[in-house]
$ cat run33.txt   # compact mmCIF, C-alpha atoms
# COMPACT_ATOMS: atom_id res chain seq x y z
CA MET A 1 80.20 108.02 80.85
CA PRO A 2 82.43 105.80 78.69
CA LEU A 3 84.35 103.14 80.61
CA ASP A 4 88.10 103.54 80.95
CA SER A 5 89.89 100.80 79.01
CA LEU A 6 90.81 98.68 82.04
CA SER A 7 87.22 98.79 83.35
CA ALA A 8 85.93 97.86 79.87
CA THR A 9 88.31 94.89 79.77
CA PHE A 10 87.27 93.62 83.22
CA ALA A 11 83.56 94.17 82.44
CA ALA A 12 83.95 92.18 79.21
CA LEU A 13 85.61 89.32 81.11
CA ALA A 14 82.87 89.23 83.77
CA ASP A 15 80.80 86.72 81.80
CA PRO A 16 81.46 82.99 81.27
CA THR A 17 80.12 82.99 77.67
CA ARG A 18 82.41 85.88 76.69
CA ARG A 19 85.40 84.13 78.31
CA ALA A 20 84.49 80.93 76.41
CA ILE A 21 84.33 82.91 73.15
CA LEU A 22 87.84 84.28 73.77
CA ALA A 23 89.08 80.74 74.54
CA ARG A 24 87.57 79.51 71.26
CA LEU A 25 89.17 82.39 69.32
CA SER A 26 92.57 81.61 70.85
CA GLU A 27 92.46 78.51 68.59
CA GLY A 28 91.78 80.59 65.48
CA GLU A 29 89.26 82.92 63.82
CA ALA A 30 85.57 81.98 63.80
CA ASN A 31 82.33 83.54 62.57
CA VAL A 32 79.10 84.06 64.55
CA THR A 33 77.53 80.76 63.39
CA GLU A 34 80.61 78.82 64.49
CA LEU A 35 80.79 80.69 67.79
CA ALA A 36 77.08 80.14 68.57
CA ARG A 37 77.26 76.37 67.99
CA PRO A 38 78.65 75.16 71.39
CA PHE A 39 76.26 77.42 73.33
CA SER A 40 72.52 76.98 73.64
CA MET A 41 72.18 80.60 72.56
CA SER A 42 70.69 82.42 69.58
CA GLN A 43 72.98 84.19 67.13
CA PRO A 44 71.63 87.63 68.22
CA ALA A 45 72.59 86.78 71.83
CA ILE A 46 76.09 85.79 70.71
CA SER A 47 76.29 88.95 68.55
CA LYS A 48 75.54 91.03 71.65
CA HIS A 49 78.44 89.39 73.49
CA LEU A 50 80.69 89.96 70.47
CA LYS A 51 79.82 93.69 70.53
CA VAL A 52 80.93 93.92 74.18
CA LEU A 53 84.19 92.14 73.35
CA GLU A 54 84.73 94.31 70.27
CA ARG A 55 84.11 97.56 72.18
CA ALA A 56 86.69 96.44 74.77
CA GLY A 57 89.16 95.80 71.94
CA LEU A 58 89.40 92.10 72.84
CA ILE A 59 88.29 90.95 69.38
CA SER A 60 88.27 92.44 65.91
CA ARG A 61 85.97 91.49 63.03
CA SER A 62 87.10 91.22 59.46
CA ARG A 63 85.14 93.47 57.06
CA ALA A 64 86.70 91.78 54.05
CA ARG A 65 84.56 88.64 54.06
CA GLN A 66 80.79 88.36 54.29
CA ALA A 67 80.88 85.99 57.27
CA ARG A 68 82.94 88.64 59.14
CA PRO A 69 85.09 86.19 61.15
CA CYS A 70 86.21 87.28 64.63
CA LEU A 71 89.83 87.41 65.70
CA LEU A 72 91.26 87.44 69.21
CA GLU A 73 93.01 90.70 70.13
CA ALA A 74 94.80 89.86 73.35
CA ALA A 75 96.63 93.19 73.83
CA PRO A 76 94.13 94.71 76.37
CA LEU A 77 94.65 91.64 78.58
CA ARG A 78 98.20 92.79 79.16
CA GLU A 79 96.99 95.84 81.12
CA ALA A 80 94.62 93.59 83.11
CA ALA A 81 97.45 91.15 83.88
CA ASP A 82 99.70 94.01 85.04
CA TRP A 83 96.98 95.36 87.31
CA VAL A 84 96.32 91.99 88.92
CA ALA A 85 100.05 91.12 89.22
CA PHE A 86 100.53 93.98 91.73
CA TYR A 87 98.47 91.92 94.23
CA ARG A 88 100.50 88.71 93.88
CA THR A 89 102.38 89.32 97.16
CA TYR A 90 99.02 89.75 98.93
CA TRP A 91 97.41 86.52 97.73
CA GLU A 92 100.67 84.65 98.37
CA ARG A 93 100.65 86.08 101.87
CA SER A 94 97.08 84.87 102.52
CA PHE A 95 98.05 81.45 101.13
CA ASP A 96 101.03 81.34 103.52
CA GLN A 97 98.80 82.31 106.43
CA LEU A 98 96.35 79.53 105.54
CA ALA A 99 99.21 77.01 105.27
CA ALA A 100 100.59 78.13 108.66
CA HIS A 101 97.14 77.82 110.20
CA LEU A 102 96.66 74.26 108.85
CA ASP A 103 100.13 73.37 110.09
CA GLU A 104 99.22 74.65 113.55
CA LEU A 105 96.00 72.61 113.57
CA GLN A 106 97.91 69.46 112.61
CA GLN A 107 100.44 70.05 115.39
CA LYS A 108 97.60 70.41 117.90
CA GLU A 109 95.95 67.24 116.57
CA LYS A 110 99.22 65.36 117.05
CA SER A 111 99.75 66.58 120.61
CA HIS A 112 96.18 65.51 121.49
CA ALA A 113 96.53 62.05 119.88
CA PRO A 114 96.72 59.09 122.30
CA LYS A 115 100.29 57.86 122.81
CA ASP A 116 101.20 54.19 122.14
CA MET B 1 71.41 83.73 88.63
CA PRO B 2 74.37 84.19 90.97
CA LEU B 3 77.66 85.04 89.27
CA ASP B 4 80.37 82.37 89.19
CA SER B 5 83.33 83.44 91.32
CA LEU B 6 85.58 84.46 88.42
CA SER B 7 82.80 86.57 86.86
CA ALA B 8 82.14 88.18 90.25
CA THR B 9 85.84 89.03 90.60
CA PHE B 10 86.06 90.59 87.12
CA ALA B 11 82.76 92.49 87.61
CA ALA B 12 84.06 93.90 90.91
CA LEU B 13 87.27 95.04 89.20
CA ALA B 14 85.38 96.75 86.36
CA ASP B 15 85.19 100.06 88.24
CA PRO B 16 87.99 102.57 88.90
CA THR B 17 86.68 103.48 92.39
CA ARG B 18 86.61 99.85 93.48
CA ARG B 19 90.12 99.31 92.12
CA ALA B 20 91.29 102.42 94.01
CA ILE B 21 89.69 101.05 97.22
CA LEU B 22 91.63 97.78 96.81
CA ALA B 23 94.84 99.76 96.21
CA ARG B 24 94.20 101.75 99.41
CA LEU B 25 93.52 98.56 101.39
CA SER B 26 96.77 97.02 100.13
CA GLU B 27 98.44 99.57 102.44
CA GLY B 28 96.41 98.42 105.45
CA GLU B 29 92.87 98.23 106.85
CA ALA B 30 90.58 101.27 106.65
CA ASN B 31 86.99 102.08 107.59
CA VAL B 32 84.30 103.63 105.36
CA THR B 33 85.04 107.22 106.50
CA GLU B 34 88.72 106.79 105.69
CA LEU B 35 87.94 105.13 102.35
CA ALA B 36 85.44 107.85 101.32
CA ARG B 37 87.89 110.71 102.02
CA PRO B 38 89.96 110.70 98.76
CA PHE B 39 86.83 110.37 96.57
CA SER B 40 84.20 113.02 96.02
CA MET B 41 81.61 110.45 97.00
CA SER B 42 79.12 110.01 99.79
CA GLN B 43 79.62 107.27 102.37
CA PRO B 44 76.51 105.39 101.09
CA ALA B 45 78.03 105.38 97.58
CA ILE B 46 81.28 103.99 98.99
CA SER B 47 79.33 101.43 101.06
CA LYS B 48 77.68 100.21 97.87
CA HIS B 49 81.09 99.64 96.28
CA LEU B 50 82.27 97.86 99.45
CA LYS B 51 79.30 95.49 99.24
CA VAL B 52 80.27 94.53 95.67
CA LEU B 53 83.86 93.92 96.78
CA GLU B 54 82.72 91.94 99.83
CA ARG B 55 80.35 89.74 97.80
CA ALA B 56 83.24 88.96 95.42
CA GLY B 57 85.37 88.00 98.45
CA LEU B 58 87.91 90.72 97.67
CA ILE B 59 87.52 92.40 101.05
CA SER B 60 86.32 91.32 104.46
CA ARG B 61 84.91 93.57 107.18
CA SER B 62 85.70 93.17 110.84
CA ARG B 63 82.61 92.70 113.02
CA ALA B 64 84.65 93.11 116.17
CA ARG B 65 84.93 96.90 116.10
CA GLN B 66 82.20 99.47 115.60
CA ALA B 67 83.94 101.18 112.68
CA ARG B 68 84.05 97.77 110.90
CA PRO B 69 87.38 98.31 109.14
CA CYS B 70 87.82 96.68 105.74
CA LEU B 71 90.65 94.30 104.92
CA LEU B 72 92.01 93.30 101.54
CA GLU B 73 91.41 89.63 100.66
CA ALA B 74 93.55 89.11 97.58
CA ALA B 75 92.96 85.35 97.15
CA PRO B 76 90.24 85.65 94.41
CA LEU B 77 92.71 87.67 92.32
CA ARG B 78 94.82 84.55 91.95
CA GLU B 79 92.12 82.85 89.85
CA ALA B 80 91.81 86.04 87.76
CA ALA B 81 95.58 86.17 87.24
CA ASP B 82 95.66 82.51 86.18
CA TRP B 83 92.85 83.09 83.70
CA VAL B 84 94.55 86.11 82.11
CA ALA B 85 98.01 84.45 82.10
CA PHE B 86 96.79 81.87 79.55
CA TYR B 87 96.63 84.70 76.97
CA ARG B 88 100.19 85.95 77.54
CA THR B 89 101.51 84.24 74.39
CA TYR B 90 98.76 85.95 72.37
CA TRP B 91 99.43 89.49 73.53
CA GLU B 92 103.17 88.91 73.16
CA ARG B 93 102.53 87.72 69.62
CA SER B 94 100.54 90.88 68.75
CA PHE B 95 103.36 92.99 70.26
CA ASP B 96 105.92 91.10 68.11
CA GLN B 97 103.77 91.65 64.99
CA LEU B 98 103.56 95.39 65.74
CA ALA B 99 107.34 95.57 66.26
CA ALA B 100 107.94 93.69 62.97
CA HIS B 101 105.55 96.05 61.15
CA LEU B 102 107.32 99.15 62.52
CA ASP B 103 110.66 97.64 61.53
CA GLU B 104 109.39 97.07 58.01
CA LEU B 105 108.16 100.68 57.77
CA GLN B 106 111.56 101.96 58.90
CA GLN B 107 113.33 99.79 56.30
CA LYS B 108 111.05 101.21 53.56
CA GLU B 109 111.67 104.76 54.79
CA LYS B 110 115.44 104.17 54.56
CA SER B 111 115.29 102.71 51.05
CA HIS B 112 113.26 105.75 49.86
CA ALA B 113 115.58 108.26 51.50
CA PRO B 114 117.73 110.35 49.11
CA LYS B 115 121.31 109.05 48.89
CA ASP B 116 124.26 111.37 49.59
$ encode --input "run33.txt" --output "C-alpha cells"
Amino acid sequence: MPLDSLSATFAALADPTRRAILARLSEGEANVTELARPFSMSQPAISKHLKVLERAGLISRSRARQARPCLLEAAPLREAADWVAFYRTYWERSFDQLAAHLDELQQKEKSHAPKD
Amino acid sequence: MPLDSLSATFAALADPTRRAILARLSEGEANVTELARPFSMSQPAISKHLKVLERAGLISRSRARQARPCLLEAAPLREAADWVAFYRTYWERSFDQLAAHLDELQQKEKSHAPKD
C-alpha cells in the first residue's frame, strides 16, 4: 500500500541523517559525494536516504548534470506544519499546567521555610 | 538503537490511523474499545498503534481505572513544530516561484491572444 503524502513526509523525517541532509540542502544544492562527507556513511547508504527523501517529494535531483545534485523541495513540509499546528493549543495547555504545578510547589516550599 | 525523541515523534505520526487516534484524543480521553470503534480494526491492532504513540510520549494511559483510558500528550509535537518551522521560508519561496511562473504563463497567453 503506498503511503499517503503526509505519512510519507513524516516517515522521511523520522531519521536524524535524513533531517541533517535536508538541513545541508537548505544552504544550497549538493551531490551525493558532498552529502556523504560529514557522515561516517558509505555513498550507497546516503543514496538510500536520498531515495526516501525523493519519494516523499522533499528533494529533487537534477538530471541535467552527471553529478545529479540534490535540491531541497520544502513544499511537503507545509502540510506537515499545518497538521502539527492544530495541536499548538494542546501543548501550550500542558506547558501551562506544568508551570502552574511548579508555581504551586514553590508556594508550598515558601510556606514550609523557617521564618526569620 | 533507540530512536531519538524527534525521530520517534515523526515515526509515530507517519501513519493515518495513529494521526486519527490523536485527533480523537484531542476531544477528550478514550479507552481502546472507544478508539477501535471508528476503524475497521481489531483491538489488538489498535493496541499496537497505542504502544507506538505511548513510546513516543504522545499519549499516556491511566493506570487508575481498569479501562485504562488514553490521554493526549501534545508536548512532543512542539519539538516537531519547531523543526518544521525552520523550513517555512523555503516552502514560501517555492510557492512564490510557482506563482511567478503562473503569472508569466498568463502574460504570454495574453500577448499571443488575437487582438480585436
$ closest_atom_pairs --input "run33.txt" --of "chain B" --to "chain A" --cutoff "6 Å" --atoms "all atoms listed in the file" --output "JSON lines"
{"residue": "B:Ser7", "atom": "CA", "partner": "A:Ala14", "partner_atom": "CA", "distance": 4.1}
{"residue": "B:Phe10", "atom": "CA", "partner": "A:Ala14", "partner_atom": "CA", "distance": 4.8}
{"residue": "B:Ala11", "atom": "CA", "partner": "A:Ala14", "partner_atom": "CA", "distance": 5.0}
{"residue": "B:Ala14", "atom": "CA", "partner": "A:Ser7", "partner_atom": "CA", "distance": 4.1}
{"residue": "B:Asp15", "atom": "CA", "partner": "A:Ser7", "partner_atom": "CA", "distance": 5.4}
{"residue": "B:Ala74", "atom": "CA", "partner": "A:Trp91", "partner_atom": "CA", "distance": 4.7}
{"residue": "B:Ala75", "atom": "CA", "partner": "A:Trp91", "partner_atom": "CA", "distance": 4.6}
{"residue": "B:Tyr90", "atom": "CA", "partner": "A:Ala74", "partner_atom": "CA", "distance": 5.7}
{"residue": "B:Trp91", "atom": "CA", "partner": "A:Ala74", "partner_atom": "CA", "distance": 4.6}
$ calpha_fit_and_write --input "run33.txt" --fixed "chain A" --moving "chain B" --output "PDB file with C-alpha atoms, in the frame of the given file"
ATOM      1  CA  MET B   1      80.216 108.046  80.864  1.00  0.00           C
ATOM      2  CA  PRO B   2      82.407 105.795  78.723  1.00  0.00           C
ATOM      3  CA  LEU B   3      84.318 103.116  80.623  1.00  0.00           C
ATOM      4  CA  ASP B   4      88.086 103.519  80.970  1.00  0.00           C
ATOM      5  CA  SER B   5      89.883 100.796  79.021  1.00  0.00           C
ATOM      6  CA  LEU B   6      90.790  98.656  82.039  1.00  0.00           C
ATOM      7  CA  SER B   7      87.197  98.768  83.339  1.00  0.00           C
ATOM      8  CA  ALA B   8      85.928  97.851  79.866  1.00  0.00           C
ATOM      9  CA  THR B   9      88.308  94.875  79.749  1.00  0.00           C
ATOM     10  CA  PHE B  10      87.255  93.589  83.189  1.00  0.00           C
ATOM     11  CA  ALA B  11      83.537  94.147  82.415  1.00  0.00           C
ATOM     12  CA  ALA B  12      83.913  92.167  79.173  1.00  0.00           C
ATOM     13  CA  LEU B  13      85.581  89.312  81.068  1.00  0.00           C
ATOM     14  CA  ALA B  14      82.837  89.209  83.718  1.00  0.00           C
ATOM     15  CA  ASP B  15      80.766  86.700  81.733  1.00  0.00           C
ATOM     16  CA  PRO B  16      81.434  82.979  81.197  1.00  0.00           C
ATOM     17  CA  THR B  17      80.101  83.012  77.599  1.00  0.00           C
ATOM     18  CA  ARG B  18      82.385  85.873  76.613  1.00  0.00           C
ATOM     19  CA  ARG B  19      85.357  84.137  78.230  1.00  0.00           C
ATOM     20  CA  ALA B  20      84.472  80.937  76.335  1.00  0.00           C
ATOM     21  CA  ILE B  21      84.311  82.940  73.063  1.00  0.00           C
ATOM     22  CA  LEU B  22      87.828  84.298  73.703  1.00  0.00           C
ATOM     23  CA  ALA B  23      89.054  80.763  74.467  1.00  0.00           C
ATOM     24  CA  ARG B  24      87.550  79.539  71.173  1.00  0.00           C
ATOM     25  CA  LEU B  25      89.149  82.417  69.245  1.00  0.00           C
ATOM     26  CA  SER B  26      92.549  81.624  70.773  1.00  0.00           C
ATOM     27  CA  GLU B  27      92.431  78.543  68.511  1.00  0.00           C
ATOM     28  CA  GLY B  28      91.784  80.644  65.402  1.00  0.00           C
ATOM     29  CA  GLU B  29      89.245  82.969  63.765  1.00  0.00           C
ATOM     30  CA  ALA B  30      85.554  82.020  63.716  1.00  0.00           C
ATOM     31  CA  ASN B  31      82.320  83.603  62.505  1.00  0.00           C
ATOM     32  CA  VAL B  32      79.097  84.111  64.495  1.00  0.00           C
ATOM     33  CA  THR B  33      77.523  80.819  63.305  1.00  0.00           C
ATOM     34  CA  GLU B  34      80.599  78.880  64.382  1.00  0.00           C
ATOM     35  CA  LEU B  35      80.781  80.733  67.706  1.00  0.00           C
ATOM     36  CA  ALA B  36      77.065  80.183  68.479  1.00  0.00           C
ATOM     37  CA  ARG B  37      77.246  76.406  67.868  1.00  0.00           C
ATOM     38  CA  PRO B  38      78.628  75.191  71.263  1.00  0.00           C
ATOM     39  CA  PHE B  39      76.235  77.443  73.239  1.00  0.00           C
ATOM     40  CA  SER B  40      72.496  77.019  73.526  1.00  0.00           C
ATOM     41  CA  MET B  41      72.148  80.622  72.444  1.00  0.00           C
ATOM     42  CA  SER B  42      70.684  82.459  69.501  1.00  0.00           C
ATOM     43  CA  GLN B  43      72.966  84.239  67.044  1.00  0.00           C
ATOM     44  CA  PRO B  44      71.619  87.672  68.159  1.00  0.00           C
ATOM     45  CA  ALA B  45      72.555  86.805  71.765  1.00  0.00           C
ATOM     46  CA  ILE B  46      76.055  85.840  70.626  1.00  0.00           C
ATOM     47  CA  SER B  47      76.279  89.014  68.502  1.00  0.00           C
ATOM     48  CA  LYS B  48      75.520  91.061  71.603  1.00  0.00           C
ATOM     49  CA  HIS B  49      78.417  89.416  73.443  1.00  0.00           C
ATOM     50  CA  LEU B  50      80.675  90.009  70.417  1.00  0.00           C
ATOM     51  CA  LYS B  51      79.820  93.717  70.489  1.00  0.00           C
ATOM     52  CA  VAL B  52      80.913  93.937  74.144  1.00  0.00           C
ATOM     53  CA  LEU B  53      84.172  92.156  73.305  1.00  0.00           C
ATOM     54  CA  GLU B  54      84.737  94.352  70.243  1.00  0.00           C
ATOM     55  CA  ARG B  55      84.111  97.590  72.167  1.00  0.00           C
ATOM     56  CA  ALA B  56      86.676  96.450  74.764  1.00  0.00           C
ATOM     57  CA  GLY B  57      89.154  95.813  71.919  1.00  0.00           C
ATOM     58  CA  LEU B  58      89.384  92.119  72.794  1.00  0.00           C
ATOM     59  CA  ILE B  59      88.281  90.979  69.347  1.00  0.00           C
ATOM     60  CA  SER B  60      88.266  92.501  65.895  1.00  0.00           C
ATOM     61  CA  ARG B  61      85.965  91.563  63.019  1.00  0.00           C
ATOM     62  CA  SER B  62      87.096  91.309  59.436  1.00  0.00           C
ATOM     63  CA  ARG B  63      85.139  93.556  57.061  1.00  0.00           C
ATOM     64  CA  ALA B  64      86.703  91.901  54.050  1.00  0.00           C
ATOM     65  CA  ARG B  65      84.557  88.763  54.028  1.00  0.00           C
ATOM     66  CA  GLN B  66      80.794  88.463  54.261  1.00  0.00           C
ATOM     67  CA  ALA B  67      80.874  86.102  57.243  1.00  0.00           C
ATOM     68  CA  ARG B  68      82.952  88.737  59.126  1.00  0.00           C
ATOM     69  CA  PRO B  69      85.083  86.277  61.097  1.00  0.00           C
ATOM     70  CA  CYS B  70      86.193  87.348  64.566  1.00  0.00           C
ATOM     71  CA  LEU B  71      89.820  87.465  65.651  1.00  0.00           C
ATOM     72  CA  LEU B  72      91.256  87.469  69.145  1.00  0.00           C
ATOM     73  CA  GLU B  73      93.008  90.732  70.089  1.00  0.00           C
ATOM     74  CA  ALA B  74      94.775  89.869  73.324  1.00  0.00           C
ATOM     75  CA  ALA B  75      96.624  93.186  73.822  1.00  0.00           C
ATOM     76  CA  PRO B  76      94.118  94.701  76.356  1.00  0.00           C
ATOM     77  CA  LEU B  77      94.634  91.626  78.553  1.00  0.00           C
ATOM     78  CA  ARG B  78      98.193  92.760  79.160  1.00  0.00           C
ATOM     79  CA  GLU B  79      96.994  95.814  81.116  1.00  0.00           C
ATOM     80  CA  ALA B  80      94.615  93.555  83.085  1.00  0.00           C
ATOM     81  CA  ALA B  81      97.434  91.116  83.862  1.00  0.00           C
ATOM     82  CA  ASP B  82      99.697  93.951  85.032  1.00  0.00           C
ATOM     83  CA  TRP B  83      96.966  95.298  87.292  1.00  0.00           C
ATOM     84  CA  VAL B  84      96.296  91.910  88.908  1.00  0.00           C
ATOM     85  CA  ALA B  85     100.025  91.054  89.207  1.00  0.00           C
ATOM     86  CA  PHE B  86     100.494  93.884  91.741  1.00  0.00           C
ATOM     87  CA  TYR B  87      98.420  91.823  94.219  1.00  0.00           C
ATOM     88  CA  ARG B  88     100.458  88.617  93.862  1.00  0.00           C
ATOM     89  CA  THR B  89     102.322  89.197  97.145  1.00  0.00           C
ATOM     90  CA  TYR B  90      98.968  89.613  98.918  1.00  0.00           C
ATOM     91  CA  TRP B  91      97.371  86.403  97.704  1.00  0.00           C
ATOM     92  CA  GLU B  92     100.620  84.535  98.350  1.00  0.00           C
ATOM     93  CA  ARG B  93     100.604  85.937 101.871  1.00  0.00           C
ATOM     94  CA  SER B  94      97.024  84.722 102.507  1.00  0.00           C
ATOM     95  CA  PHE B  95      98.018  81.285 101.135  1.00  0.00           C
ATOM     96  CA  ASP B  96     101.033  81.213 103.513  1.00  0.00           C
ATOM     97  CA  GLN B  97      98.788  82.185 106.458  1.00  0.00           C
ATOM     98  CA  LEU B  98      96.352  79.375 105.586  1.00  0.00           C
ATOM     99  CA  ALA B  99      99.224  76.870 105.325  1.00  0.00           C
ATOM    100  CA  ALA B 100     100.622  78.035 108.703  1.00  0.00           C
ATOM    101  CA  HIS B 101      97.158  77.714 110.282  1.00  0.00           C
ATOM    102  CA  LEU B 102      96.708  74.159 108.948  1.00  0.00           C
ATOM    103  CA  ASP B 103     100.179  73.281 110.212  1.00  0.00           C
ATOM    104  CA  GLU B 104      99.288  74.589 113.651  1.00  0.00           C
ATOM    105  CA  LEU B 105      96.065  72.536 113.698  1.00  0.00           C
ATOM    106  CA  GLN B 106      98.001  69.395 112.771  1.00  0.00           C
ATOM    107  CA  GLN B 107     100.542  70.043 115.550  1.00  0.00           C
ATOM    108  CA  LYS B 108      97.681  70.408 118.082  1.00  0.00           C
ATOM    109  CA  GLU B 109      96.045  67.220 116.794  1.00  0.00           C
ATOM    110  CA  LYS B 110      99.334  65.339 117.304  1.00  0.00           C
ATOM    111  CA  SER B 111      99.870  66.646 120.836  1.00  0.00           C
ATOM    112  CA  HIS B 112      96.309  65.557 121.792  1.00  0.00           C
ATOM    113  CA  ALA B 113      96.675  62.115 120.245  1.00  0.00           C
ATOM    114  CA  PRO B 114      96.876  59.190 122.716  1.00  0.00           C
ATOM    115  CA  LYS B 115     100.460  57.983 123.223  1.00  0.00           C
ATOM    116  CA  ASP B 116     101.366  54.317 122.662  1.00  0.00           C
TER     117      ASP B 116
END
$ atom_distance --input "run33.txt" --atom1 "atom CA of B:Thr33" --atom2 "atom CA of B:Pro69"
9.6 Å
$ atom_distance --input "run33.txt" --atom1 "atom CA of A:Pro44" --atom2 "atom CA of A:Glu27"
22.7 Å
$ closest_residue --input "run33.txt" --among "B:Arg24, B:Arg37, B:Arg18, B:Arg65" --to "B:Val52" --atoms "only C-alpha atoms"
B:Arg18
$ atom_distance --input "run33.txt" --atom1 "atom CA of A:Ser60" --atom2 "atom CA of A:Ala20"
16.0 Å
$ residues_around --input "run33.txt" --residues "A:Ala30" --least-positions-apart "6" --cutoff "10 Å" --atoms "all atoms listed in the file" --output "list in words"
Ile21, Arg24, Ala36, Arg61, Ala67, Arg68, Pro69, Cys70, Leu71 and Leu72 of chain A
$ residues_around --input "run33.txt" --residues "B:Leu50" --least-positions-apart "3" --cutoff "9 Å" --atoms "all atoms listed in the file" --output "JSON, numbers by chain"
{"B": [18, 21, 32, 45, 46, 47, 53, 54, 55, 59, 70]}
$ write_last_selection --input "run33.txt" --atoms "C-alpha atoms" --output "PDB file, in the frame of the given file"
ATOM      1  CA  ARG B  18      86.610  99.850  93.480  1.00  0.00           C
ATOM      2  CA  ILE B  21      89.690 101.050  97.220  1.00  0.00           C
ATOM      3  CA  VAL B  32      84.300 103.630 105.360  1.00  0.00           C
ATOM      4  CA  ALA B  45      78.030 105.380  97.580  1.00  0.00           C
ATOM      5  CA  ILE B  46      81.280 103.990  98.990  1.00  0.00           C
ATOM      6  CA  SER B  47      79.330 101.430 101.060  1.00  0.00           C
ATOM      7  CA  LEU B  53      83.860  93.920  96.780  1.00  0.00           C
ATOM      8  CA  GLU B  54      82.720  91.940  99.830  1.00  0.00           C
ATOM      9  CA  ARG B  55      80.350  89.740  97.800  1.00  0.00           C
ATOM     10  CA  ILE B  59      87.520  92.400 101.050  1.00  0.00           C
ATOM     11  CA  CYS B  70      87.820  96.680 105.740  1.00  0.00           C
TER      12      CYS B  70
END
$ decode --input "run33.txt" --residues "stretch 54-60 of chain A" --atoms "all heavy atoms" --output "PDB file, in the first residue's frame"
ATOM      1  N   GLU A  54      13.436  11.637  -1.827  1.00  0.00           N
ATOM      2  CA  GLU A  54      12.948  11.945  -3.174  1.00  0.00           C
ATOM      3  C   GLU A  54      11.511  11.423  -3.357  1.00  0.00           C
ATOM      4  O   GLU A  54      10.653  12.121  -3.899  1.00  0.00           O
ATOM      5  CB  GLU A  54      13.886  11.325  -4.223  1.00  0.00           C
ATOM      6  CG  GLU A  54      13.746  11.973  -5.597  1.00  0.00           C
ATOM      7  CD  GLU A  54      14.738  11.424  -6.606  1.00  0.00           C
ATOM      8  OE1 GLU A  54      15.500  10.475  -6.263  1.00  0.00           O
ATOM      9  OE2 GLU A  54      14.745  11.913  -7.746  1.00  0.00           O
ATOM     10  N   ARG A  55      11.269  10.200  -2.872  1.00  0.00           N
ATOM     11  CA  ARG A  55       9.921   9.623  -2.979  1.00  0.00           C
ATOM     12  C   ARG A  55       8.897  10.466  -2.215  1.00  0.00           C
ATOM     13  O   ARG A  55       7.743  10.558  -2.612  1.00  0.00           O
ATOM     14  CB  ARG A  55       9.900   8.186  -2.441  1.00  0.00           C
ATOM     15  CG  ARG A  55      10.159   7.143  -3.519  1.00  0.00           C
ATOM     16  CD  ARG A  55       9.662   5.766  -3.076  1.00  0.00           C
ATOM     17  NE  ARG A  55      10.333   5.344  -1.851  1.00  0.00           N
ATOM     18  CZ  ARG A  55      11.420   4.563  -1.814  1.00  0.00           C
ATOM     19  NH1 ARG A  55      11.954   4.126  -2.938  1.00  0.00           N
ATOM     20  NH2 ARG A  55      11.964   4.219  -0.673  1.00  0.00           N
ATOM     21  N   ALA A  56       9.332  11.069  -1.095  1.00  0.00           N
ATOM     22  CA  ALA A  56       8.431  11.916  -0.300  1.00  0.00           C
ATOM     23  C   ALA A  56       8.309  13.321  -0.898  1.00  0.00           C
ATOM     24  O   ALA A  56       7.569  14.147  -0.377  1.00  0.00           O
ATOM     25  CB  ALA A  56       8.936  11.998   1.142  1.00  0.00           C
ATOM     26  N   GLY A  57       9.046  13.569  -1.979  1.00  0.00           N
ATOM     27  CA  GLY A  57       8.978  14.881  -2.635  1.00  0.00           C
ATOM     28  C   GLY A  57       9.727  15.971  -1.884  1.00  0.00           C
ATOM     29  O   GLY A  57       9.539  17.158  -2.151  1.00  0.00           O
ATOM     30  N   LEU A  58      10.595  15.566  -0.935  1.00  0.00           N
ATOM     31  CA  LEU A  58      11.313  16.559  -0.124  1.00  0.00           C
ATOM     32  C   LEU A  58      12.606  17.034  -0.786  1.00  0.00           C
ATOM     33  O   LEU A  58      13.184  18.034  -0.380  1.00  0.00           O
ATOM     34  CB  LEU A  58      11.616  15.988   1.265  1.00  0.00           C
ATOM     35  CG  LEU A  58      10.386  15.897   2.176  1.00  0.00           C
ATOM     36  CD1 LEU A  58      10.641  14.922   3.325  1.00  0.00           C
ATOM     37  CD2 LEU A  58      10.015  17.259   2.718  1.00  0.00           C
ATOM     38  N   ILE A  59      13.081  16.265  -1.777  1.00  0.00           N
ATOM     39  CA  ILE A  59      14.222  16.727  -2.578  1.00  0.00           C
ATOM     40  C   ILE A  59      13.940  16.383  -4.038  1.00  0.00           C
ATOM     41  O   ILE A  59      13.097  15.517  -4.338  1.00  0.00           O
ATOM     42  CB  ILE A  59      15.581  16.080  -2.160  1.00  0.00           C
ATOM     43  CG1 ILE A  59      15.566  14.559  -2.429  1.00  0.00           C
ATOM     44  CG2 ILE A  59      15.910  16.360  -0.701  1.00  0.00           C
ATOM     45  CD1 ILE A  59      16.965  13.930  -2.394  1.00  0.00           C
ATOM     46  N   SER A  60      14.617  17.070  -4.930  1.00  0.00           N
ATOM     47  CA  SER A  60      14.591  16.670  -6.335  1.00  0.00           C
ATOM     48  C   SER A  60      16.046  16.540  -6.768  1.00  0.00           C
ATOM     49  O   SER A  60      16.938  17.072  -6.117  1.00  0.00           O
ATOM     50  CB  SER A  60      13.849  17.700  -7.176  1.00  0.00           C
ATOM     51  OG  SER A  60      14.520  18.933  -7.111  1.00  0.00           O
TER      52      SER A  60
END
